[in-house]
$ cat work-v2.cif   # mmCIF, C-alpha atoms
data_work
#
loop_
_atom_site.label_atom_id
_atom_site.label_comp_id
_atom_site.auth_asym_id
_atom_site.auth_seq_id
_atom_site.Cartn_x
_atom_site.Cartn_y
_atom_site.Cartn_z
CA MET A 1 0.00 0.00 0.00
CA THR A 2 1.49 3.31 -1.07
CA ASN A 3 0.56 6.81 -0.12
CA SER A 4 0.28 9.43 -2.83
CA LEU A 5 0.13 13.16 -2.53
CA THR A 6 -2.31 15.12 -4.64
CA TYR A 7 -1.97 18.79 -5.45
CA LYS A 8 -5.09 20.91 -5.09
CA PRO A 9 -4.66 24.33 -6.71
CA MET A 10 -5.57 27.39 -4.68
CA ASN A 11 -8.91 28.94 -5.50
CA LEU A 12 -7.51 32.31 -6.52
CA ALA A 13 -10.89 33.79 -7.48
CA ARG A 14 -12.28 33.12 -4.02
CA TRP A 15 -9.30 34.78 -2.35
CA ILE A 16 -9.72 37.80 -4.62
CA ILE A 17 -13.43 38.08 -3.78
CA TRP A 18 -12.84 37.89 -0.03
CA GLY A 19 -9.96 40.34 -0.32
CA MET A 20 -12.16 42.79 -2.21
CA PHE A 21 -14.88 42.38 0.42
CA ALA A 22 -12.39 43.26 3.17
CA VAL A 23 -11.11 46.26 1.22
CA ILE A 24 -14.67 47.53 0.66
CA LEU A 25 -15.39 47.30 4.38
CA ILE A 26 -12.23 49.26 5.16
CA VAL A 27 -12.60 52.06 2.62
CA ALA A 28 -16.41 52.47 2.73
CA PRO A 29 -16.41 55.06 5.58
CA LEU A 30 -13.63 56.96 3.81
CA ILE A 31 -15.86 57.40 0.75
CA PHE A 32 -19.24 57.81 2.44
CA ASN A 33 -18.26 60.25 5.18
CA LYS A 34 -20.96 62.91 4.97
CA GLY A 35 -23.79 63.47 7.45
CA ALA A 36 -25.29 60.27 8.82
CA SER A 37 -23.40 58.00 6.39
CA LEU A 38 -21.48 56.23 9.16
CA SER A 39 -24.68 55.45 11.02
CA ILE A 40 -26.27 54.10 7.83
CA LEU A 41 -23.22 51.95 7.08
CA SER A 42 -23.29 50.57 10.62
CA GLN A 43 -26.95 49.63 10.29
CA ILE A 44 -26.28 47.98 6.93
CA GLY A 45 -23.54 45.88 8.55
CA THR A 46 -25.77 44.58 11.34
CA VAL A 47 -28.66 43.90 8.95
CA MET A 48 -26.30 42.01 6.63
CA ILE A 49 -25.39 39.59 9.41
CA PHE A 50 -29.05 39.28 10.39
CA SER A 51 -30.14 38.58 6.80
CA LEU A 52 -27.34 36.07 6.18
CA SER A 53 -28.27 34.20 9.36
CA TYR A 54 -31.91 34.13 8.24
CA ASN A 55 -30.88 32.78 4.84
CA MET A 56 -29.24 29.83 6.61
CA LEU A 57 -32.80 28.79 7.41
CA LEU A 58 -34.69 29.92 4.31
CA GLY A 59 -32.19 29.71 1.48
CA GLN A 60 -30.05 26.83 2.74
CA GLY A 61 -32.69 24.78 4.58
CA GLY A 62 -36.00 25.83 3.04
CA MET A 63 -37.34 26.81 6.48
CA LEU A 64 -39.66 29.80 6.23
CA SER A 65 -39.50 31.46 9.65
CA PHE A 66 -41.66 34.34 10.84
CA GLY A 67 -39.88 34.61 14.18
CA HIS A 68 -36.17 35.04 13.50
CA ALA A 69 -36.13 38.34 15.38
CA VAL A 70 -36.45 36.33 18.59
CA TYR A 71 -32.81 35.24 18.41
CA SER A 72 -31.36 38.59 17.42
CA GLY A 73 -33.61 40.49 19.86
CA LEU A 74 -32.91 38.28 22.87
CA GLY A 75 -29.23 38.36 21.95
CA ALA A 76 -29.42 42.15 21.98
CA PHE A 77 -31.08 42.17 25.43
CA PHE A 78 -28.44 39.88 26.93
CA ALA A 79 -25.68 41.93 25.30
CA ILE A 80 -26.97 45.23 26.67
CA HIS A 81 -27.37 43.74 30.17
CA ALA A 82 -23.76 42.51 29.94
CA MET A 83 -22.66 46.03 29.03
CA ASN A 84 -24.52 47.50 32.00
CA LEU A 85 -23.00 44.92 34.35
CA ALA A 86 -19.55 45.66 32.98
CA THR A 87 -20.16 49.40 33.43
CA ALA A 88 -21.05 48.74 37.09
CA GLY A 89 -17.85 46.73 37.51
CA LYS A 90 -19.68 43.47 38.29
CA ILE A 91 -18.26 41.50 35.37
CA TRP A 92 -15.37 41.79 32.91
CA MET A 93 -16.68 42.25 29.41
CA PRO A 94 -14.90 44.47 26.86
CA VAL A 95 -17.13 46.03 24.23
CA THR A 96 -15.27 44.18 21.49
CA LEU A 97 -16.53 40.83 22.84
CA VAL A 98 -20.09 41.92 23.61
CA PRO A 99 -21.39 40.52 20.28
CA LEU A 100 -20.33 37.08 21.48
CA VAL A 101 -22.68 37.46 24.45
CA GLY A 102 -25.49 38.10 22.01
CA GLY A 103 -24.35 35.20 19.86
CA PHE A 104 -24.33 32.67 22.70
CA ALA A 105 -27.70 33.97 23.90
CA GLY A 106 -29.11 33.50 20.39
CA MET A 107 -27.62 30.02 20.28
CA PHE A 108 -29.14 29.13 23.66
CA PHE A 109 -32.63 30.21 22.63
CA GLY A 110 -32.11 28.48 19.30
CA MET A 111 -31.54 25.28 21.27
CA LEU A 112 -34.60 25.99 23.43
CA PHE A 113 -37.14 27.08 20.81
CA GLY A 114 -35.62 25.18 17.89
CA TYR A 115 -36.18 21.80 19.50
CA VAL A 116 -39.91 22.52 19.35
CA THR A 117 -40.15 24.39 16.04
CA THR A 118 -38.04 21.95 13.99
CA LYS A 119 -40.24 19.02 14.96
CA LYS A 120 -42.33 20.12 12.00
CA SER A 121 -41.48 21.52 8.60
CA GLY A 122 -43.13 23.58 5.90
CA THR A 123 -46.18 25.65 6.76
CA THR A 124 -46.45 24.16 10.25
CA PHE A 125 -42.90 25.27 11.05
CA ALA A 126 -43.70 28.79 9.84
CA MET A 127 -46.83 29.01 11.99
CA ILE A 128 -44.99 27.76 15.09
CA THR A 129 -42.27 30.39 14.64
CA LEU A 130 -44.97 33.04 14.32
CA GLY A 131 -46.43 31.87 17.62
CA ILE A 132 -42.98 31.92 19.24
CA VAL A 133 -42.28 35.50 18.23
CA GLU A 134 -45.68 36.67 19.49
CA LEU A 135 -45.07 34.82 22.76
CA VAL A 136 -41.67 36.42 23.30
CA PHE A 137 -43.02 39.86 22.35
CA ALA A 138 -45.81 39.48 24.92
CA CYS A 139 -43.27 38.42 27.55
CA SER A 140 -41.21 41.53 26.79
CA LEU A 141 -44.10 43.64 28.09
CA MET A 142 -44.90 41.31 31.00
CA PHE A 143 -41.38 41.24 32.51
CA PRO A 144 -40.16 44.85 32.64
CA GLU A 145 -37.30 43.96 35.02
CA PHE A 146 -35.46 42.26 32.17
CA PHE A 147 -36.97 43.82 29.05
CA GLY A 148 -37.44 47.35 30.40
CA GLY A 149 -41.11 47.60 29.47
CA GLU A 150 -42.11 49.93 26.67
CA GLY A 151 -39.04 52.13 27.20
CA GLY A 152 -36.58 49.26 26.77
CA ILE A 153 -33.08 49.02 28.23
CA SER A 154 -30.44 51.65 27.55
CA THR A 155 -26.69 51.64 28.12
CA ASN A 156 -23.46 53.53 27.51
CA ARG A 157 -20.98 51.78 25.26
CA VAL A 158 -18.07 53.90 26.51
CA TYR A 159 -16.76 52.20 29.63
CA GLY A 160 -13.59 50.62 30.92
CA GLU A 161 -10.02 51.45 30.01
CA LYS A 162 -9.00 52.58 26.56
CA PHE A 163 -7.47 49.91 24.35
CA PHE A 164 -4.94 51.52 21.98
CA GLY A 165 -7.04 54.68 22.19
CA ILE A 166 -10.26 52.90 21.23
CA THR A 167 -13.25 53.89 23.36
CA TYR A 168 -16.09 53.18 20.89
CA GLY A 169 -17.38 56.66 21.52
CA PRO A 170 -16.85 57.92 17.94
CA GLN A 171 -19.15 56.31 15.39
CA ILE A 172 -16.21 55.45 13.13
CA GLN A 173 -14.86 53.09 15.79
CA VAL A 174 -18.27 51.42 16.15
CA TYR A 175 -18.44 51.01 12.38
CA TYR A 176 -15.10 49.22 12.22
CA LEU A 177 -16.17 46.95 15.09
CA ILE A 178 -19.30 46.05 13.12
CA ALA A 179 -17.22 45.61 9.95
CA PHE A 180 -14.86 43.24 11.79
CA TRP A 181 -17.70 41.06 13.06
CA LEU A 182 -19.45 41.25 9.69
CA PHE A 183 -16.38 39.87 7.96
CA ILE A 184 -15.85 37.12 10.56
CA SER A 185 -19.55 36.15 10.53
CA THR A 186 -19.73 36.14 6.73
CA VAL A 187 -16.70 33.86 6.54
CA GLY A 188 -18.25 31.59 9.18
CA MET A 189 -21.62 31.36 7.44
CA PHE A 190 -20.00 30.74 4.06
CA ALA A 191 -17.84 28.04 5.61
CA PHE A 192 -21.04 26.43 6.92
CA THR A 193 -22.29 26.01 3.35
CA GLN A 194 -19.18 23.91 2.58
CA THR A 195 -19.54 21.57 5.58
CA PRO A 196 -21.30 18.17 5.50
CA LEU A 197 -24.13 19.69 7.59
CA GLY A 198 -24.45 22.54 5.11
CA ARG A 199 -24.69 20.08 2.22
CA LEU A 200 -27.12 17.93 4.16
CA ILE A 201 -29.48 20.81 4.94
CA ASN A 202 -29.52 21.60 1.20
CA ALA A 203 -30.61 18.02 0.57
CA VAL A 204 -33.26 18.32 3.29
CA ARG A 205 -34.55 21.45 1.56
CA ASP A 206 -34.74 19.76 -1.85
CA ASN A 207 -35.90 16.23 -0.97
CA PRO A 208 -36.41 15.42 2.74
CA GLU A 209 -37.96 12.01 2.00
CA ARG A 210 -34.87 10.85 0.14
CA VAL A 211 -32.62 12.11 2.95
CA GLU A 212 -34.60 10.09 5.47
CA PHE A 213 -34.47 7.07 3.16
CA ILE A 214 -30.66 7.02 3.16
CA GLY A 215 -30.61 7.15 6.96
CA TYR A 216 -30.29 10.80 8.06
CA ASP A 217 -32.49 12.51 10.65
CA THR A 218 -33.94 15.57 8.91
CA GLN A 219 -35.22 17.05 12.17
CA TRP A 220 -31.75 17.10 13.69
CA ALA A 221 -30.31 18.66 10.54
CA ARG A 222 -32.88 21.46 10.76
CA TYR A 223 -32.34 21.77 14.51
CA LEU A 224 -28.55 22.13 14.31
CA THR A 225 -28.85 24.61 11.46
CA LEU A 226 -31.29 26.72 13.44
CA ILE A 227 -28.93 26.74 16.43
CA LEU A 228 -26.07 28.04 14.30
CA SER A 229 -28.39 30.54 12.63
CA GLY A 230 -29.47 31.77 16.08
CA PHE A 231 -25.82 32.27 17.02
CA PHE A 232 -25.13 34.61 14.12
CA ALA A 233 -28.47 36.37 14.58
CA GLY A 234 -27.48 36.97 18.22
CA ILE A 235 -24.19 38.51 17.06
CA SER A 236 -26.23 40.89 14.91
CA GLY A 237 -28.37 41.75 17.94
CA GLY A 238 -25.31 42.41 20.10
CA LEU A 239 -23.86 44.75 17.49
CA SER A 240 -27.20 46.53 17.25
CA ALA A 241 -27.18 47.05 21.03
CA ILE A 242 -23.70 48.60 20.81
CA ASN A 243 -24.62 50.78 17.85
CA PHE A 244 -27.91 52.20 19.19
CA GLU A 245 -27.19 51.86 22.94
CA ILE A 246 -30.83 50.89 23.49
CA VAL A 247 -32.90 47.72 23.01
CA THR A 248 -36.70 47.72 23.09
CA ALA A 249 -39.55 45.25 22.65
CA GLU A 250 -39.54 46.07 18.94
CA ASN A 251 -36.31 44.07 18.63
CA VAL A 252 -38.24 40.84 19.33
CA SER A 253 -41.37 41.70 17.35
CA ALA A 254 -42.95 40.10 14.31
CA LEU A 255 -42.36 43.40 12.52
CA ARG A 256 -38.60 42.92 12.76
CA SER A 257 -38.96 39.31 11.62
CA GLY A 258 -41.04 40.38 8.64
CA GLY A 259 -38.46 42.98 7.73
CA VAL A 260 -35.60 40.50 7.47
CA LEU A 261 -37.86 38.19 5.46
CA LEU A 262 -38.53 40.98 2.94
CA PHE A 263 -34.86 41.98 2.72
CA THR A 264 -33.70 38.41 2.16
CA PHE A 265 -36.27 37.79 -0.57
CA ILE A 266 -35.42 41.07 -2.30
CA GLY A 267 -31.71 40.18 -2.36
CA GLY A 268 -32.23 36.58 -3.40
CA VAL A 269 -32.46 33.48 -1.22
CA GLY A 270 -30.79 31.25 -3.81
CA PHE A 271 -27.44 33.02 -3.60
CA PHE A 272 -25.14 33.41 -0.62
CA PHE A 273 -24.53 37.11 -1.28
CA GLY A 274 -28.20 37.80 -2.06
CA PRO A 275 -29.19 38.76 1.51
CA MET A 276 -26.30 41.23 1.61
CA ILE A 277 -27.73 43.04 -1.42
CA GLY A 278 -31.16 42.89 0.19
CA ALA A 279 -29.79 44.42 3.40
CA ILE A 280 -28.41 47.41 1.49
CA ILE A 281 -31.69 47.96 -0.38
CA GLY A 282 -33.74 47.35 2.77
CA VAL A 283 -31.86 49.87 4.90
CA PHE A 284 -32.06 52.39 2.07
CA LEU A 285 -35.84 51.97 1.77
CA THR A 286 -36.59 51.90 5.50
CA VAL A 287 -34.06 54.37 6.88
CA MET A 288 -32.94 56.77 4.19
CA LEU A 289 -36.17 56.92 2.18
CA SER A 290 -38.26 57.48 5.31
CA GLU A 291 -36.39 60.76 5.81
CA TYR A 292 -37.78 62.10 2.53
CA THR A 293 -41.28 60.68 2.22
CA THR A 294 -44.06 59.35 4.41
CA ALA A 295 -44.98 56.86 1.69
CA TRP A 296 -41.81 54.78 2.15
CA GLN A 297 -43.76 51.70 3.27
CA LEU A 298 -45.81 51.85 0.07
CA TYR A 299 -42.63 51.95 -2.02
CA LEU A 300 -41.15 49.05 -0.05
CA GLY A 301 -44.28 46.95 -0.52
CA VAL A 302 -44.57 47.68 -4.24
CA PHE A 303 -40.86 47.00 -4.77
CA PHE A 304 -41.14 43.68 -2.95
CA ILE A 305 -44.14 42.64 -5.05
CA LEU A 306 -42.36 43.55 -8.29
CA ILE A 307 -39.28 41.55 -7.29
CA VAL A 308 -41.33 38.48 -6.36
CA MET A 309 -43.33 38.65 -9.62
CA ALA A 310 -40.62 39.66 -12.09
CA ALA A 311 -37.50 38.13 -10.49
CA PRO A 312 -38.38 35.39 -7.96
CA GLY A 313 -34.66 34.76 -7.51
CA GLY A 314 -34.15 38.30 -6.24
CA LEU A 315 -31.76 41.01 -7.38
CA ALA A 316 -28.86 38.55 -7.17
CA SER A 317 -30.45 36.38 -9.88
CA ILE A 318 -30.72 39.39 -12.21
CA LEU A 319 -27.05 40.20 -11.58
CA MET A 320 -25.92 36.62 -12.18
CA MET A 321 -27.94 36.25 -15.39
CA ASN A 322 -26.32 39.37 -16.84
CA LEU A 323 -22.87 38.21 -15.73
CA ARG A 324 -23.54 34.91 -17.48
CA VAL A 325 -24.34 36.75 -20.71
CA ALA A 326 -21.20 38.88 -20.31
CA LYS A 327 -19.11 35.75 -19.69
CA TYR A 328 -20.08 34.40 -23.11
CA GLY A 329 -19.42 37.75 -24.81
CA ARG A 330 -23.05 38.48 -25.68
CA PHE A 331 -23.74 41.45 -23.41
CA GLY A 332 -23.03 43.93 -26.21
CA ARG A 333 -26.22 42.78 -27.92
CA ILE A 334 -28.27 43.14 -24.75
CA TRP A 335 -27.25 46.40 -23.14
CA PRO A 336 -28.89 48.85 -25.64
CA HIS A 337 -32.26 47.14 -25.14
CA LEU A 338 -31.66 46.91 -21.40
CA CYS A 339 -30.87 50.62 -21.18
CA ALA A 340 -34.01 51.44 -23.14
CA VAL A 341 -36.15 49.32 -20.81
CA CYS A 342 -34.61 50.92 -17.71
CA ALA A 343 -34.99 54.44 -19.13
CA MET A 344 -38.67 53.99 -19.96
CA ALA A 345 -39.31 52.29 -16.62
CA GLY A 346 -37.65 55.28 -14.94
CA VAL A 347 -39.94 57.72 -16.75
CA ALA A 348 -43.03 55.74 -15.75
CA PHE A 349 -41.74 55.43 -12.20
CA LEU A 350 -41.25 59.19 -12.03
CA GLY A 351 -44.89 59.71 -12.97
CA ILE A 352 -46.06 57.19 -10.37
CA VAL A 353 -43.94 58.83 -7.65
CA MET A 354 -45.38 62.23 -8.51
CA MET A 355 -48.93 60.89 -8.20
CA ILE A 356 -48.21 59.13 -4.90
CA GLU A 357 -46.48 62.12 -3.31
CA MET A 358 -49.18 64.56 -4.41
CA LEU A 359 -51.92 62.23 -3.20
CA TYR A 360 -50.23 61.79 0.19
CA HIS A 361 -49.79 65.54 0.56
CA LEU A 362 -53.36 66.27 -0.53
CA THR A 363 -54.90 63.77 1.90
CA LEU A 364 -52.56 64.00 4.90
CA GLU A 365 -50.98 67.47 4.86
CA SER A 366 -53.50 69.65 3.05
CA ALA A 367 -54.14 71.53 6.31
CA ASN A 368 -50.72 73.15 5.82
CA GLY A 369 -51.58 74.18 2.27
CA THR A 370 -51.88 72.38 -1.04
CA ALA A 371 -48.48 73.51 -2.36
CA MET A 372 -45.50 71.20 -1.96
CA LYS A 373 -41.92 70.95 -3.17
CA LEU A 374 -41.38 67.96 -5.46
CA PHE A 375 -38.04 67.21 -7.15
CA GLY A 376 -36.96 70.80 -6.58
CA PHE A 377 -40.11 72.33 -8.10
CA GLN A 378 -43.09 73.93 -6.39
CA VAL A 379 -46.24 71.96 -7.19
CA ASP A 380 -49.84 72.76 -6.30
CA THR A 381 -51.52 69.43 -5.58
CA ALA A 382 -54.97 70.97 -5.99
CA ALA A 383 -54.23 72.24 -9.51
CA PRO A 384 -54.62 69.95 -12.55
CA SER A 385 -51.22 70.85 -14.04
CA GLY A 386 -49.22 68.64 -11.67
CA TRP A 387 -51.54 65.67 -12.16
CA PHE A 388 -51.49 66.16 -15.93
CA ALA A 389 -47.68 66.15 -15.98
CA ALA A 390 -47.59 62.99 -13.88
CA ALA A 391 -50.13 61.29 -16.14
CA VAL A 392 -48.13 62.20 -19.24
CA LEU A 393 -44.93 60.81 -17.74
CA LEU A 394 -46.72 57.61 -16.74
CA ALA A 395 -48.33 57.20 -20.17
CA VAL A 396 -45.13 57.90 -22.13
CA GLY A 397 -43.00 55.75 -19.85
CA GLY A 398 -45.54 52.90 -19.80
CA PHE A 399 -45.90 52.81 -23.59
CA GLY A 400 -42.15 53.12 -24.10
CA PHE A 401 -41.52 50.35 -21.58
CA TRP A 402 -43.98 48.08 -23.38
CA ARG A 403 -42.27 48.65 -26.71
CA ALA A 404 -38.72 48.36 -25.34
CA ARG A 405 -39.62 45.26 -23.35
CA LYS A 406 -40.66 43.37 -26.49
CA SER A 407 -37.35 44.07 -28.25
CA PHE A 408 -35.42 43.24 -25.08
CA GLN A 409 -37.20 39.90 -24.67
CA HIS A 410 -36.48 39.04 -28.31
CA ALA A 411 -32.77 39.86 -27.97
CA TRP A 412 -32.53 38.07 -24.62
CA GLY A 413 -34.18 34.96 -26.06
CA GLU A 414 -31.75 34.83 -28.99
CA VAL A 415 -28.72 35.28 -26.74
CA SER A 416 -29.95 32.68 -24.22
CA THR A 417 -30.50 30.16 -27.03
CA GLU A 418 -27.00 30.73 -28.36
CA ILE A 419 -25.48 30.31 -24.88
CA GLU A 420 -27.37 27.08 -24.28
CA GLU A 421 -26.13 25.78 -27.62
CA LEU A 422 -22.54 26.67 -26.70
CA ILE A 423 -22.92 24.85 -23.38
CA ARG A 424 -24.30 21.74 -25.09
CA ARG A 425 -21.41 21.71 -27.53
CA ALA A 426 -18.87 22.10 -24.74
CA GLU A 427 -20.44 19.20 -22.83
CA ALA A 428 -20.47 17.03 -25.94
#
$ encode --input "work-v2.cif" --output "structure tokens"
Amino acid sequence: MTNSLTYKPMNLARWIIWGMFAVILIVAPLIFNKGASLSILSQIGTVMIFSLSYNMLLGQGGMLSFGHAVYSGLGAFFAIHAMNLATAGKIWMPVTLVPLVGGFAGMFFGMLFGYVTTKKSGTTFAMITLGIVELVFACSLMFPEFFGGEGGISTNRVYGEKFFGITYGPQIQVYYLIAFWLFISTVGMFAFTQTPLGRLINAVRDNPERVEFIGYDTQWARYLTLILSGFFAGISGGLSAINFEIVTAENVSALRSGGVLLFTFIGGVGFFFGPMIGAIIGVFLTVMLSEYTTAWQLYLGVFFILIVMAAPGGLASILMMNLRVAKYGRFGRIWPHLCAVCAMAGVAFLGIVMMIEMLYHLTLESANGTAMKLFGFQVDTAAPSGWFAAAVLLAVGGFGFWRARKSFQHAWGEVSTEIEELIRRAEA
């Protein structure tokens, strides 16, 4: 019997991607350094971890959960209590390690609640998780000693001795702490997809009967995955507690669970990086857009519906399909039609936004006058001119989109057929 050594080449592309991800995290606050940009970037980082942890259940395991906020929220509560105890000198807990407190708390409650929820799958699992989140939310109002009642629990993240001048008082230091844990958590969750358990939970998602037939316990696969997902969700909660210095009952609510569900779907559950895209779009729609319009929830709902109907695979699927076309050198035939479709859709969207904003102002703020500022122009919502302009934009954009869409579909069909033929030839 002889031993032989095999050479496995280094996956250079993967190292480049992870290196670029690290560089983006480092230079992002240097580029976006105006106003509340650091706060927005910090929120995006925590939501990215939260969405990726949720996708371990939904995308990797096919487990639709309506109660994932339980693990991040309870992790946030334990993290903020640890910070208060450390401030009082009762325990040793540097701020840098506080996310681990949230992570282990999320893991513990994943073990506790997951043993019950993963007994079932499919719709039954989803309904049980919905009951769990409502139960925990009710308990948050029943036990004010731990949850702080309606006011929540607050803290001060600046405590203890300085470590190389780091106090976590400036927001830039908090951002880099979140960026550090985001990178570590992303690596950990990607590594999970390459493990035997990660492969097994994919099989459980696709064909649980076959997995049971070959001798694996599908319930334990779902249970262990949920525990690990709860750990990373708890890390997200701990970082949120550090960033905002307050945790309330809203952190364990069904509203927070629904939000991460929307963000993950928008990004794309079938791709590892999809929830990260969804987190960026979600924070933009819920945080930044809410500063400019009271109709932000309407835009979020409409955008979610359009994504589910037009691109069930999320924004990541659209990106990957276009990269596939570019890989085979056919994107030059697509982009003029794609630009035309996007331009006409933008014109129609502009008309819709004008109508929505004028309607909201006319119905909710007409007591302050019917005039409003829209896209830098003064518009009288009671006059027909503004409505006529919006209708014209909608009509022109809608008709142009319909015409451009037909030519785009024709070009896309031809290119897709050619690519499939090239793939068949290569396989032959």
$ closest_atom_pairs --input "work-v2.cif" --of "range 117-160 of chain A" --to "range 216-229 of chain A" --cutoff "12 Å" --atoms "only C-alpha atoms" --output "JSON lines"
{"residue": "A:Thr117", "atom": "CA", "partner": "A:Tyr223", "partner_atom": "CA", "distance": 8.4}
{"residue": "A:Thr118", "atom": "CA", "partner": "A:Tyr223", "partner_atom": "CA", "distance": 5.7}
{"residue": "A:Lys119", "atom": "CA", "partner": "A:Gln219", "partner_atom": "CA", "distance": 6.1}
{"residue": "A:Lys120", "atom": "CA", "partner": "A:Gln219", "partner_atom": "CA", "distance": 7.7}
{"residue": "A:Ser121", "atom": "CA", "partner": "A:Gln219", "partner_atom": "CA", "distance": 8.5}
{"residue": "A:Gly122", "atom": "CA", "partner": "A:Arg222", "partner_atom": "CA", "distance": 11.5}
{"residue": "A:Phe125", "atom": "CA", "partner": "A:Arg222", "partner_atom": "CA", "distance": 10.7}
{"residue": "A:Thr129", "atom": "CA", "partner": "A:Leu226", "partner_atom": "CA", "distance": 11.6}
$ atom_distance --input "work-v2.cif" --atom1 "CA of Leu135 in chain A" --atom2 "CA of Met56 in chain A"
23.2 Å
$ resolve_selection --input "work-v2.cif" --expression "the PyMOL selection byres ((chain A and resi 404) around 8)" --output "mmCIF file with C-alpha atoms, in the frame of the given file"
data_model
loop_
_atom_site.group_PDB
_atom_site.id
_atom_site.type_symbol
_atom_site.label_atom_id
_atom_site.label_comp_id
_atom_site.auth_asym_id
_atom_site.auth_seq_id
_atom_site.Cartn_x
_atom_site.Cartn_y
_atom_site.Cartn_z
ATOM 1 C CA HIS A 337 -32.260 47.140 -25.140
ATOM 2 C CA ALA A 340 -34.010 51.440 -23.140
ATOM 3 C CA VAL A 341 -36.150 49.320 -20.810
ATOM 4 C CA MET A 344 -38.670 53.990 -19.960
ATOM 5 C CA GLY A 400 -42.150 53.120 -24.100
ATOM 6 C CA PHE A 401 -41.520 50.350 -21.580
ATOM 7 C CA TRP A 402 -43.980 48.080 -23.380
ATOM 8 C CA ARG A 403 -42.270 48.650 -26.710
ATOM 9 C CA ARG A 405 -39.620 45.260 -23.350
ATOM 10 C CA LYS A 406 -40.660 43.370 -26.490
ATOM 11 C CA SER A 407 -37.350 44.070 -28.250
ATOM 12 C CA PHE A 408 -35.420 43.240 -25.080
#
$ atom_distance --input "work-v2.cif" --atom1 "CA of Gly131 in chain A" --atom2 "CA of Ile277 in chain A"
28.9 Å
$ atom_distance --input "work-v2.cif" --atom1 "CA of Pro29 in chain A" --atom2 "CA of Gly230 in chain A"
28.7 Å
$ resolve_selection --input "work-v2.cif" --expression "the PyMOL selection byres ((chain A and resi 284-286) around 9)" --output "PyMOL selection string"
chain A and resi 40+44+279-283+287-291+296-297+299-300
$ resolve_selection --input "work-v2.cif" --expression "the PyMOL selection byres ((chain A and resi 173) around 12)" --output "number ranges by chain"
A: 26, 29, 38-39, 42, 95-96, 157-158, 163-172, 174-180, 242-243
$ residues_around --input "work-v2.cif" --residues "range 8-22 of chain A" --least-positions-apart "3" --cutoff "12 Å" --atoms "only C-alpha atoms" --output "NGL selection string"
:A and (5 or 25-28 or 176 or 179-184 or 186-187 or 190 or 273 or 276)
$ residues_around --input "work-v2.cif" --residues "range 352-367 of chain A" --least-positions-apart "4" --cutoff "8 Å" --atoms "all atoms listed in the file" --output "list of chain:residue names"
A:Thr293, A:Thr294, A:Ala295, A:Ala348, A:Met372, A:Leu374, A:Thr381, A:Ala382, A:Trp387, A:Ala390, A:Leu394
$ write_last_selection --input "work-v2.cif" --atoms "C-alpha atoms" --output "mmCIF file, in the frame of the given file"
data_model
loop_
_atom_site.group_PDB
_atom_site.id
_atom_site.type_symbol
_atom_site.label_atom_id
_atom_site.label_comp_id
_atom_site.auth_asym_id
_atom_site.auth_seq_id
_atom_site.Cartn_x
_atom_site.Cartn_y
_atom_site.Cartn_z
ATOM 1 C CA THR A 293 -41.280 60.680 2.220
ATOM 2 C CA THR A 294 -44.060 59.350 4.410
ATOM 3 C CA ALA A 295 -44.980 56.860 1.690
ATOM 4 C CA ALA A 348 -43.030 55.740 -15.750
ATOM 5 C CA MET A 372 -45.500 71.200 -1.960
ATOM 6 C CA LEU A 374 -41.380 67.960 -5.460
ATOM 7 C CA THR A 381 -51.520 69.430 -5.580
ATOM 8 C CA ALA A 382 -54.970 70.970 -5.990
ATOM 9 C CA TRP A 387 -51.540 65.670 -12.160
ATOM 10 C CA ALA A 390 -47.590 62.990 -13.880
ATOM 11 C CA LEU A 394 -46.720 57.610 -16.740
#
$ closest_residue --input "work-v2.cif" --among "A:Ser236, A:Thr248, A:Thr155, A:Ser37" --to "Val260 in chain A" --atoms "all atoms listed in the file"
A:Ser236
$ residues_near_point --input "work-v2.cif" --point "(-30.9, 40.7, 7.3)" --cutoff "10 Å" --atoms "all atoms listed in the file" --output "number ranges by chain"
A: 44-55, 68-69, 233, 236, 256-257, 259-265, 267, 275-280, 282-283
$ residues_around --input "work-v2.cif" --residues "Gly62 in chain A" --least-positions-apart "2" --cutoff "9 Å" --atoms "all atoms listed in the file" --output "PyMOL selection string"
chain A and resi 55-60+64+121-122+201-202+204-206
$ write_last_selection --input "work-v2.cif" --atoms "C-alpha atoms" --output "PDB file, keeping the file's coordinate frame"
ATOM      1  CA  ASN A  55     -30.880  32.780   4.840  1.00  0.00           C
ATOM      2  CA  MET A  56     -29.240  29.830   6.610  1.00  0.00           C
ATOM      3  CA  LEU A  57     -32.800  28.790   7.410  1.00  0.00           C
ATOM      4  CA  LEU A  58     -34.690  29.920   4.310  1.00  0.00           C
ATOM      5  CA  GLY A  59     -32.190  29.710   1.480  1.00  0.00           C
ATOM      6  CA  GLN A  60     -30.050  26.830   2.740  1.00  0.00           C
ATOM      7  CA  LEU A  64     -39.660  29.800   6.230  1.00  0.00           C
ATOM      8  CA  SER A 121     -41.480  21.520   8.600  1.00  0.00           C
ATOM      9  CA  GLY A 122     -43.130  23.580   5.900  1.00  0.00           C
ATOM     10  CA  ILE A 201     -29.480  20.810   4.940  1.00  0.00           C
ATOM     11  CA  ASN A 202     -29.520  21.600   1.200  1.00  0.00           C
ATOM     12  CA  VAL A 204     -33.260  18.320   3.290  1.00  0.00           C
ATOM     13  CA  ARG A 205     -34.550  21.450   1.560  1.00  0.00           C
ATOM     14  CA  ASP A 206     -34.740  19.760  -1.850  1.00  0.00           C
TER      15      ASP A 206
END
